[in-house]
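Q: Data: query.csv, CSV, C-alpha atoms.
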chain,number,residue,atom,x,y,z
A,3,MET,CA,-17.2,-88.5,26.8
A,4,TYR,CA,-15.9,-85.3,28.2
A,5,ASN,CA,-12.9,-84.4,30.3
A,6,PRO,CA,-13.7,-82.0,33.1
A,7,PRO,CA,-12.6,-78.3,32.8
A,8,LEU,CA,-8.8,-77.9,33.0
A,9,THR,CA,-8.8,-76.5,36.5
A,10,SER,CA,-5.8,-78.7,37.2
A,11,ALA,CA,-3.3,-80.3,34.9
A,12,LEU,CA,-2.2,-82.8,37.5
A,13,THR,CA,-5.4,-84.7,38.3
A,14,ASP,CA,-4.8,-87.6,35.9
A,15,LYS,CA,-4.9,-91.0,37.6
A,16,ARG,CA,-2.6,-90.9,40.6
A,17,PRO,CA,-2.0,-94.3,42.2
A,18,ALA,CA,-3.0,-94.8,45.9
A,19,VAL,CA,0.5,-95.9,46.8
A,20,LEU,CA,3.2,-93.9,45.0
A,21,PRO,CA,6.1,-95.9,43.4
A,22,ARG,CA,9.7,-95.2,44.1
A,23,ALA,CA,10.6,-91.6,43.4
A,24,LEU,CA,12.9,-90.9,40.6
A,25,GLU,CA,15.4,-88.0,40.6
A,26,SER,CA,16.1,-85.6,37.8
A,27,ILE,CA,17.8,-82.4,36.7
A,28,GLU,CA,15.6,-80.0,34.8
A,29,LEU,CA,17.4,-77.7,32.4
A,30,PHE,CA,16.0,-74.7,30.5
A,31,ALA,CA,13.1,-74.8,32.9
A,32,GLY,CA,11.3,-71.7,31.9
A,33,ALA,CA,8.1,-71.3,33.9
A,34,GLY,CA,8.3,-75.1,34.8
A,35,GLY,CA,5.8,-76.8,32.5
A,36,LEU,CA,7.9,-79.8,31.7
A,37,ALA,CA,9.1,-80.1,35.3
A,38,LEU,CA,5.5,-79.9,36.6
A,39,GLY,CA,4.5,-82.8,34.3
A,40,PHE,CA,7.4,-85.0,35.7
A,41,SER,CA,6.7,-83.9,39.3
A,42,GLY,CA,3.2,-85.2,38.8
A,43,ASN,CA,4.7,-88.6,38.2
A,44,ASP,CA,6.6,-88.5,41.5
A,45,VAL,CA,9.9,-87.3,40.1
A,46,ARG,CA,12.0,-85.3,42.5
A,47,HIS,CA,14.2,-82.6,41.0
A,48,ARG,CA,17.8,-82.3,42.3
A,49,ALA,CA,18.2,-79.1,40.3
A,50,VAL,CA,16.0,-76.8,38.3
A,51,VAL,CA,18.1,-74.5,36.1
A,52,GLU,CA,16.8,-71.4,34.2
A,53,TRP,CA,18.5,-68.1,33.2
A,54,ASN,CA,15.5,-65.8,32.7
A,55,SER,CA,14.9,-63.8,35.9
A,56,HIS,CA,11.1,-63.5,35.5
A,57,ALA,CA,10.8,-67.3,34.9
A,58,CYS,CA,12.9,-67.9,38.0
A,59,ASN,CA,10.7,-65.6,40.0
A,60,THR,CA,7.6,-67.4,38.8
A,61,ILE,CA,9.1,-70.7,40.1
A,62,ARG,CA,10.2,-69.0,43.4
A,63,ASN,CA,6.8,-67.4,44.0
A,64,ASN,CA,4.9,-70.6,43.4
A,65,LYS,CA,7.3,-72.4,45.7
A,66,ARG,CA,6.9,-69.7,48.4
A,67,ASN,CA,3.1,-70.0,48.0
A,68,ASN,CA,3.3,-73.8,48.5
A,69,VAL,CA,1.8,-74.6,45.1
A,70,ALA,CA,2.0,-78.3,44.7
A,71,PRO,CA,4.3,-79.9,43.6
A,72,ILE,CA,6.7,-76.9,43.2
A,73,SER,CA,6.7,-76.5,47.0
A,74,HIS,CA,9.0,-79.6,47.1
A,75,TRP,CA,11.4,-78.4,44.4
A,76,PRO,CA,14.9,-77.2,45.3
A,77,ASP,CA,15.6,-73.5,45.0
A,78,VAL,CA,15.9,-72.6,41.3
A,79,THR,CA,19.4,-72.2,40.0
A,80,GLU,CA,19.4,-68.9,38.1
A,81,GLY,CA,22.1,-68.6,35.5
A,82,ASP,CA,23.5,-69.8,32.3
A,83,VAL,CA,23.3,-73.6,31.9
A,84,LYS,CA,26.8,-73.5,30.4
A,85,ASN,CA,28.1,-73.0,34.0
A,86,PHE,CA,26.2,-75.8,35.6
A,87,VAL,CA,28.4,-78.5,37.0
A,88,TYR,CA,27.3,-82.2,36.8
A,89,ALA,CA,29.9,-83.5,39.3
A,90,GLY,CA,28.0,-85.6,41.9
A,91,HIS,CA,25.1,-86.2,39.6
A,92,GLN,CA,26.5,-89.1,37.5
A,93,GLY,CA,24.0,-91.9,37.0
A,94,ILE,CA,20.9,-89.7,37.9
A,95,ASP,CA,17.6,-91.2,36.7
A,96,LEU,CA,16.6,-88.3,34.4
A,97,ILE,CA,17.7,-85.2,32.6
A,98,THR,CA,14.8,-83.2,31.1
A,99,GLY,CA,14.4,-79.8,29.4
A,100,GLY,CA,13.5,-77.7,26.4
A,101,PRO,CA,16.6,-76.2,24.9
A,102,PRO,CA,15.8,-72.6,23.7
A,103,CYS,CA,13.9,-73.0,20.5
A,104,GLN,CA,14.3,-69.6,18.9
A,105,PRO,CA,17.0,-70.8,16.5
A,106,PHE,CA,14.6,-73.3,14.9
A,107,SER,CA,11.2,-71.5,15.4
A,108,MET,CA,9.1,-71.0,12.3
A,109,GLY,CA,8.4,-67.5,13.6
A,110,GLY,CA,11.9,-66.6,14.5
A,111,LYS,CA,15.1,-65.7,12.6
A,112,HIS,CA,15.7,-69.4,11.5
A,113,GLY,CA,19.4,-69.2,12.6
A,114,GLY,CA,19.6,-72.8,13.7
A,115,PHE,CA,23.0,-74.0,14.4
A,116,LEU,CA,24.5,-70.6,13.5
A,117,ASP,CA,22.5,-69.0,16.3
A,118,GLU,CA,24.3,-68.5,19.6
A,119,ARG,CA,21.0,-69.3,21.4
A,120,ASP,CA,21.2,-72.9,20.2
A,121,MET,CA,21.5,-74.8,23.5
A,122,PHE,CA,21.4,-78.3,22.2
A,123,PRO,CA,25.2,-78.5,22.7
A,124,GLN,CA,24.5,-77.9,26.4
A,125,ALA,CA,21.8,-80.6,26.5
A,126,ILE,CA,24.2,-83.0,25.0
A,127,ARG,CA,26.9,-82.0,27.4
A,128,ALA,CA,24.5,-82.8,30.3
A,129,VAL,CA,24.0,-86.3,28.9
A,130,ARG,CA,27.7,-86.8,28.4
A,131,GLU,CA,28.8,-85.6,31.9
A,132,ALA,CA,25.9,-86.9,34.0
A,133,LYS,CA,25.3,-90.2,32.2
A,134,PRO,CA,21.6,-90.3,33.2
A,135,ARG,CA,19.5,-93.4,32.8
A,136,ALA,CA,17.2,-91.5,30.5
A,137,PHE,CA,16.6,-88.1,29.1
A,138,VAL,CA,13.7,-86.2,27.6
A,139,PHE,CA,14.2,-83.0,25.5
A,140,GLU,CA,11.5,-81.0,23.7
A,141,ASN,CA,11.7,-78.5,20.9
A,142,VAL,CA,9.7,-76.8,18.2
A,143,GLN,CA,8.4,-78.2,14.9
A,144,GLY,CA,10.8,-76.0,13.0
A,145,LEU,CA,13.7,-78.2,14.0
A,146,THR,CA,12.3,-80.8,11.6
A,147,ARG,CA,12.4,-78.5,8.6
A,148,ALA,CA,14.3,-79.8,5.6
A,149,ALA,CA,16.8,-76.9,6.0
A,150,PHE,CA,17.9,-78.4,9.3
A,151,ALA,CA,17.9,-82.1,8.3
A,152,ASP,CA,21.7,-82.5,8.7
A,153,TYR,CA,21.7,-80.8,12.0
A,154,PHE,CA,18.8,-82.9,13.2
A,155,SER,CA,20.8,-86.0,12.4
A,156,TYR,CA,23.7,-84.4,14.2
A,157,ILE,CA,21.7,-84.0,17.3
A,158,LEU,CA,20.5,-87.6,17.2
A,159,LEU,CA,24.0,-89.0,16.7
A,160,GLN,CA,25.4,-86.9,19.5
A,161,LEU,CA,22.7,-88.1,21.9
A,162,GLU,CA,23.3,-91.7,20.8
A,163,PHE,CA,27.1,-91.4,21.2
A,164,PRO,CA,27.5,-88.5,23.7
A,165,SER,CA,31.1,-89.5,24.8
A,166,LEU,CA,32.3,-88.9,21.2
A,167,ALA,CA,32.6,-85.2,21.7
A,168,ALA,CA,33.6,-82.6,19.2
A,169,LYS,CA,37.4,-81.8,19.2
A,170,PRO,CA,38.6,-78.2,19.9
A,171,ARG,CA,37.7,-76.0,16.9
A,172,GLU,CA,36.1,-78.9,15.1
A,173,GLN,CA,33.2,-77.7,12.9
A,174,TRP,CA,29.9,-79.4,13.4
A,175,PRO,CA,29.8,-80.9,9.8
A,176,ASP,CA,33.2,-82.5,10.4
A,177,HIS,CA,32.0,-83.8,13.8
A,178,LEU,CA,28.9,-85.2,12.1
A,179,ARG,CA,30.9,-87.1,9.6
A,180,ARG,CA,33.0,-88.6,12.4
A,181,LEU,CA,29.9,-89.7,14.2
A,182,GLN,CA,28.5,-91.2,11.1
A,183,LYS,CA,31.7,-93.1,10.5
A,184,HIS,CA,31.7,-94.2,14.2
A,185,LYS,CA,28.1,-95.6,13.9
A,186,ALA,CA,28.8,-97.2,10.5
A,187,GLY,CA,31.7,-99.0,12.0
A,188,GLY,CA,29.4,-101.0,14.2
A,189,LYS,CA,30.1,-99.2,17.5
A,190,ALA,CA,27.6,-100.0,20.2
A,191,SER,CA,25.1,-97.3,21.0
A,192,GLU,CA,25.5,-95.6,24.4
A,193,TYR,CA,21.8,-94.5,24.3
A,194,HIS,CA,18.8,-95.7,22.3
A,195,VAL,CA,17.3,-92.5,21.1
A,196,TYR,CA,13.7,-92.0,19.8
A,197,HIS,CA,12.1,-88.9,18.4
A,198,ARG,CA,8.6,-87.9,17.2
A,199,LEU,CA,6.7,-84.8,16.2
A,200,VAL,CA,3.5,-84.8,18.3
A,201,ASN,CA,0.4,-82.6,18.4
A,202,ALA,CA,-0.5,-81.6,22.0
A,203,ALA,CA,-4.2,-81.6,21.0
A,204,ASN,CA,-4.0,-85.4,20.5
A,205,TYR,CA,-3.1,-85.8,24.2
A,206,GLY,CA,-5.9,-83.7,25.8
A,207,VAL,CA,-4.4,-80.2,25.5
A,208,PRO,CA,-6.8,-77.6,24.2
A,209,GLN,CA,-4.2,-76.3,21.8
A,210,LYS,CA,-2.9,-77.4,18.4
A,211,ARG,CA,0.8,-77.3,19.4
A,212,MET,CA,3.3,-79.3,17.3
A,213,ARG,CA,6.5,-80.2,19.2
A,214,VAL,CA,9.3,-82.7,18.6
A,215,PHE,CA,10.3,-84.9,21.6
A,216,PHE,CA,13.7,-86.6,22.0
A,217,VAL,CA,13.6,-89.6,24.4
A,218,GLY,CA,16.6,-91.6,25.2
A,219,PHE,CA,17.5,-94.6,27.5
A,220,ARG,CA,20.9,-95.9,28.4
A,221,ALA,CA,21.5,-98.8,26.0
A,222,GLU,CA,22.8,-101.1,28.6
A,223,ASP,CA,19.4,-101.0,30.4
A,224,LYS,CA,17.7,-102.6,27.4
A,225,ILE,CA,14.5,-100.5,27.6
A,226,ASP,CA,12.1,-100.6,24.7
A,227,TRP,CA,10.2,-97.3,24.2
A,228,GLU,CA,7.1,-96.5,22.4
A,229,PHE,CA,5.5,-93.0,22.3
A,230,PRO,CA,2.2,-92.9,24.3
A,231,ARG,CA,-1.0,-93.7,22.3
A,232,GLU,CA,-2.9,-90.6,21.2
A,233,THR,CA,-6.1,-90.2,23.4
A,234,HIS,CA,-8.0,-87.4,21.6
A,235,SER,CA,-8.8,-86.6,18.0
A,236,HIS,CA,-10.2,-84.1,15.6
A,237,ASP,CA,-12.7,-86.6,14.1
A,238,ALA,CA,-14.1,-87.3,17.6
A,239,LEU,CA,-14.6,-83.5,18.1
A,240,LEU,CA,-16.4,-83.2,14.8
A,241,LEU,CA,-18.7,-86.1,15.7
A,242,SER,CA,-19.5,-84.5,19.0
A,243,GLN,CA,-20.3,-81.1,17.4
A,244,TRP,CA,-22.0,-82.0,14.1
A,245,HIS,CA,-23.3,-85.5,14.5
A,246,THR,CA,-24.5,-86.1,18.1
A,247,GLY,CA,-24.5,-82.4,19.1
A,248,GLU,CA,-23.3,-83.5,22.5
A,249,TYR,CA,-20.7,-80.7,22.5
A,250,TRP,CA,-23.2,-77.9,22.1
A,251,ALA,CA,-25.6,-79.5,24.6
A,252,ARG,CA,-22.9,-79.8,27.2
A,253,HIS,CA,-22.0,-76.2,26.9
A,254,ARG,CA,-25.7,-75.1,26.6
A,255,VAL,CA,-25.2,-73.3,23.3
A,256,ALA,CA,-28.5,-72.7,21.7
A,257,ALA,CA,-28.7,-73.5,18.0
A,258,ARG,CA,-29.0,-69.8,17.0
A,259,ASN,CA,-25.7,-69.1,18.8
A,260,ARG,CA,-23.7,-71.9,17.2
A,261,PRO,CA,-21.3,-71.4,14.3
A,262,ALA,CA,-22.8,-72.1,10.9
A,263,ARG,CA,-22.4,-75.8,9.9
A,264,PRO,CA,-19.2,-76.0,7.9
A,265,GLU,CA,-19.6,-76.6,4.2
A,266,GLY,CA,-19.1,-80.3,3.3
A,267,MET,CA,-19.5,-81.4,6.9
A,268,ASP,CA,-22.3,-84.0,6.1
A,269,LYS,CA,-19.9,-85.8,3.7
A,270,LYS,CA,-17.1,-85.5,6.3
A,271,ILE,CA,-19.3,-87.0,9.0
A,272,ARG,CA,-20.3,-89.9,6.8
A,273,ALA,CA,-16.6,-90.6,6.0
A,274,ILE,CA,-15.7,-90.6,9.7
A,275,LEU,CA,-18.6,-93.0,10.6
A,276,ALA,CA,-17.7,-95.3,7.7
A,277,ALA,CA,-14.1,-95.5,9.0
A,278,ASN,CA,-15.5,-97.0,12.3
A,279,PRO,CA,-14.0,-94.5,14.7
A,280,ASN,CA,-12.4,-95.7,17.9
A,281,ALA,CA,-14.9,-95.2,20.7
A,282,ASP,CA,-12.0,-94.9,23.2
A,283,VAL,CA,-10.6,-91.8,21.6
A,284,LEU,CA,-12.0,-88.6,23.1
A,285,PRO,CA,-12.8,-85.3,21.3
A,286,TRP,CA,-10.1,-82.7,21.0
A,287,LEU,CA,-10.6,-80.1,23.8
A,288,THR,CA,-11.4,-76.7,22.6
A,289,VAL,CA,-10.9,-73.1,23.9
A,290,ARG,CA,-14.5,-73.2,25.1
A,291,ASP,CA,-13.8,-76.4,27.1
A,292,ALA,CA,-10.8,-74.7,28.7
A,293,ILE,CA,-12.3,-71.4,29.7
A,294,ALA,CA,-16.1,-71.8,29.8
A,295,ASP,CA,-16.3,-71.2,33.5
A,296,LEU,CA,-14.4,-67.9,33.3
A,297,PRO,CA,-16.3,-64.7,32.7
A,298,ASP,CA,-15.5,-62.7,29.6
A,299,PRO,CA,-13.1,-60.1,31.0
A,300,GLU,CA,-14.1,-57.5,28.4
A,301,ARG,CA,-17.9,-57.9,28.5
A,302,GLN,CA,-18.3,-58.8,32.2
A,303,PRO,CA,-15.7,-56.6,34.0
A,304,THR,CA,-15.9,-57.2,37.7
A,305,LYS,CA,-13.6,-56.7,40.7
A,306,GLU,CA,-14.1,-60.3,41.5
A,307,LEU,CA,-12.4,-61.6,38.4
A,308,PRO,CA,-9.9,-64.4,39.1
A,309,GLN,CA,-6.3,-63.3,39.6
A,310,ALA,CA,-4.4,-62.8,36.2
A,311,HIS,CA,-7.8,-62.8,34.4
A,312,ARG,CA,-7.8,-59.2,33.2
A,313,PHE,CA,-8.8,-57.7,29.9
A,314,GLN,CA,-5.8,-56.5,27.7
A,315,PRO,CA,-6.8,-54.0,25.1
A,316,GLY,CA,-5.2,-53.6,21.6
A,317,ALA,CA,-6.0,-56.9,19.9
A,318,ARG,CA,-6.7,-56.6,16.2
A,319,SER,CA,-7.2,-59.1,13.3
A,320,TYR,CA,-5.2,-59.0,10.1
A,321,VAL,CA,-4.2,-61.4,7.3
A,322,GLY,CA,-2.7,-64.5,8.7
A,323,HIS,CA,-3.5,-63.4,12.3
A,324,THR,CA,-7.2,-64.0,12.9
A,325,GLY,CA,-7.2,-65.5,16.4
A,326,SER,CA,-8.2,-68.9,17.8
A,327,PRO,CA,-11.8,-70.0,17.2
A,328,LEU,CA,-13.7,-70.6,20.4
A,329,ASP,CA,-14.9,-74.1,19.4
A,330,GLU,CA,-11.5,-75.5,18.3
A,331,PRO,CA,-8.3,-76.1,20.1
A,332,ALA,CA,-6.3,-72.8,20.3
A,333,LYS,CA,-3.6,-72.1,17.8
A,334,ALA,CA,-0.2,-72.6,19.4
A,335,LEU,CA,0.5,-69.8,21.8
A,336,LYS,CA,3.7,-67.9,20.8
A,337,ALA,CA,6.3,-66.1,22.8
A,338,GLY,CA,7.1,-63.6,20.1
A,339,ASP,CA,10.4,-62.2,19.0
A,340,HIS,CA,9.5,-58.6,19.8
A,341,GLY,CA,6.6,-58.8,22.2
A,342,VAL,CA,3.3,-60.7,22.0
A,343,PRO,CA,2.2,-61.7,18.5
A,344,GLY,CA,-1.4,-60.7,17.9
A,345,GLY,CA,-3.1,-63.5,16.0
A,346,GLU,CA,-1.7,-66.5,17.8
A,347,ASN,CA,-2.6,-65.2,21.2
A,348,MET,CA,-6.1,-64.0,20.5
A,349,LEU,CA,-9.6,-65.4,21.0
A,350,ARG,CA,-12.0,-65.1,18.0
A,351,ARG,CA,-15.6,-65.2,19.2
A,352,PRO,CA,-18.4,-66.7,17.0
A,353,ASP,CA,-19.5,-63.2,16.0
A,354,GLY,CA,-16.0,-62.5,14.5
A,355,SER,CA,-14.8,-60.1,17.3
A,356,VAL,CA,-11.4,-60.7,18.8
A,357,ARG,CA,-9.6,-60.0,22.0
A,358,TYR,CA,-6.3,-61.1,23.6
A,359,PHE,CA,-6.4,-64.2,25.8
A,360,THR,CA,-5.9,-63.3,29.4
A,361,VAL,CA,-3.0,-64.7,31.4
A,362,ARG,CA,-5.3,-67.2,33.2
A,363,GLU,CA,-6.9,-68.3,29.9
A,364,SER,CA,-3.5,-68.8,28.4
A,365,ALA,CA,-2.4,-70.8,31.4
A,366,ARG,CA,-5.6,-73.0,31.0
A,367,ILE,CA,-4.7,-73.5,27.4
A,368,GLN,CA,-1.2,-74.6,28.5
A,369,THR,CA,-2.8,-76.7,31.2
A,370,PHE,CA,-1.1,-75.1,34.2
A,371,PRO,CA,-3.0,-75.4,37.5
A,372,ASP,CA,-5.2,-72.4,38.4
A,373,ASP,CA,-3.2,-71.6,41.5
A,374,PHE,CA,-0.1,-71.2,39.5
A,375,ILE,CA,0.9,-67.5,39.3
A,376,PHE,CA,3.3,-65.9,36.8
A,377,ASP,CA,5.8,-63.2,37.5
A,378,GLY,CA,6.3,-60.1,35.3
A,379,THR,CA,4.3,-57.8,33.0
A,380,TRP,CA,1.6,-59.1,30.7
A,381,SER,CA,4.0,-59.3,27.8
A,382,GLU,CA,6.7,-61.0,29.9
A,383,THR,CA,4.1,-63.4,31.3
A,384,MET,CA,2.8,-64.3,27.9
A,385,ARG,CA,6.3,-64.9,26.7
A,386,GLN,CA,6.8,-67.4,29.5
A,387,LEU,CA,3.5,-69.1,28.5
A,388,GLY,CA,4.4,-69.1,24.8
A,389,ASN,CA,7.7,-70.8,25.6
A,390,ALA,CA,6.2,-73.4,28.0
A,391,VAL,CA,5.6,-77.1,27.5
A,392,PRO,CA,1.9,-77.9,28.2
A,393,VAL,CA,1.9,-79.5,31.6
A,394,ARG,CA,-0.6,-82.2,30.5
A,395,LEU,CA,1.6,-83.2,27.5
A,396,ALA,CA,4.6,-83.3,29.7
A,397,ALA,CA,2.7,-85.5,32.2
A,398,VAL,CA,1.7,-88.0,29.4
A,399,MET,CA,5.3,-88.4,28.3
A,400,ALA,CA,6.6,-88.5,31.9
A,401,GLU,CA,4.2,-91.3,32.9
A,402,GLN,CA,5.5,-93.6,30.1
A,403,VAL,CA,9.1,-92.8,30.7
A,404,CYS,CA,8.9,-93.2,34.5
A,405,ARG,CA,7.0,-96.5,34.3
A,406,LEU,CA,9.8,-98.0,32.3
A,407,LEU,CA,12.5,-96.7,34.6
A,408,ARG,CA,10.7,-98.2,37.6
A,409,ASP,CA,10.1,-101.6,36.0
Show this structure as structure tokens.
A:
Amino acid sequence: MYNPPLTSALTDKRPAVLPRALESIELFAGAGGLALGFSGNDVRHRAVVEWNSHACNTIRNNKRNNVAPISHWPDVTEGDVKNFVYAGHQGIDLITGGPPCQPFSMGGKHGGFLDERDMFPQAIRAVREAKPRAFVFENVQGLTRAAFADYFSYILLQLEFPSLAAKPREQWPDHLRRLQKHKAGGKASEYHVYHRLVNAANYGVPQKRMRVFFVGFRAEDKIDWEFPRETHSHDALLLSQWHTGEYWARHRVAARNRPARPEGMDKKIRAILAANPNADVLPWLTVRDAIADLPDPERQPTKELPQAHRFQPGARSYVGHTGSPLDEPAKALKAGDHGVPGGENMLRRPDGSVRYFTVRESARIQTFPDDFIFDGTWSETMRQLGNAVPVRLAAVMAEQVCRLLRD
């Protein structure tokens, strides 16, 4: 089976009659990937908060251009989330957001809790003051590193007991011990909190993007949560490429233009078939799946190229930065600490040549709709995309959360 090209990230099964709308506050909105995923599940945003002016302009421009569903969002609140007031929002259905991830990024400075950009305290303040029915926060894989294990536990305990706030001038290790003692004393949880490291490729995103999700429900509501079942797999992709050949036939790639059959693939295929693969699991989507209908902006330059699909010169391959193969999911797009990092945001063609992904290709890889336009220079736009939550991944998480809140 094959999913259609990702011309829209919001085309997954919409019921004929929409259920009751839920209300949310979206924090650290960035370009709006997470909020788009929730909007696609009929969530109405009371507030959308973001500090970066270019990201705010991206949201404003798409709202002005009546891009669904942003056209129904409130005006973006531009500013520091530290100044957002939750009075009047108590008991809201949802608080969602991706607290800035640079402190925990594998590619950043690894400052963690010592980094002033750590916004988890503000995410926890939002839960404490608004007392939502549920929350969903997303962050980078680096947060799960062993070096941050104690702080990871600290985040979980604060989300479980948000009312037990840190005292003035109390250091976080002291607050952690107080929270641990509180839990060990048998105190009832305020929220049931779940977390999991997920790969976006396993949910139909054409990108191998590892992210950790925190999902919490108010304990008194007695909601049992399970993370959504994975729908796509690497094994299924290998079968479609190197066993049935369906992948190459669908893309009309002649045998002479296909990559060489990987060494040991016959043995790998036999092992997959022996394991009796789940027929309901679809193949990972690849870069080719995402961008096949777009012309190559370098080799087929034309004035009629889609907006934001322009060739950007300067890409080069070097050790550890060799680009994303056309016939695999892309490597995780990166925002970059000092501009766009080369290897993570490049396409590597079967002949070994490389070029930067265009903005539109990057948006496809992050599953943004094709009519969604980004504000800023190429570097700034790529930074927004590198920081974004894939819309399709957000929608998968949102569907499960929203269903439970409506039951």
Q: Using all atoms listed in the file, which of the listed residues (A:His194, A:His47, A:Arg385, A:Lys333) sits closest to Asp226 in chain A?
A: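 For Asp226 in chain A, the nearest of the candidates is A:His194.
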Q: In Å, how far is it from CA of Asn54 in chain A to CA of Trp380 in chain A?
A: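 These atoms are spaced 15.6 Å apart.
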Q: Mind giving me the straight-line distance from CA of Ala190 in chain A to CA of Glu131 in chain A in Å, one decimal?
A: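 Result for CA of Ala190 in chain A versus CA of Glu131 in chain A: 18.6 Å, one decimal.
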Q: To one decimal place, how far is CA of Ala33 in chain A from CA of Met348 in chain A in Å?
A: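 About the pair CA of Ala33 in chain A and CA of Met348 in chain A: they are 20.8 Å apart.
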Q: Identify, on the basis of only C-alpha atoms, every residue whose closest approach to Glu140 in chain A does not exceed 10 Å; exclude the query and any residue fewer than 6 positions from it along the same chain; express the result as a list in words.
A: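 What passes the distance filter is Leu36, Thr98, Gly99, Gly100, Pro101, Pro102, Cys103, His197, Arg198, Leu199, Arg213, Val214, Phe215, Phe216, Val217, Val391 and Ala396 of chain A.
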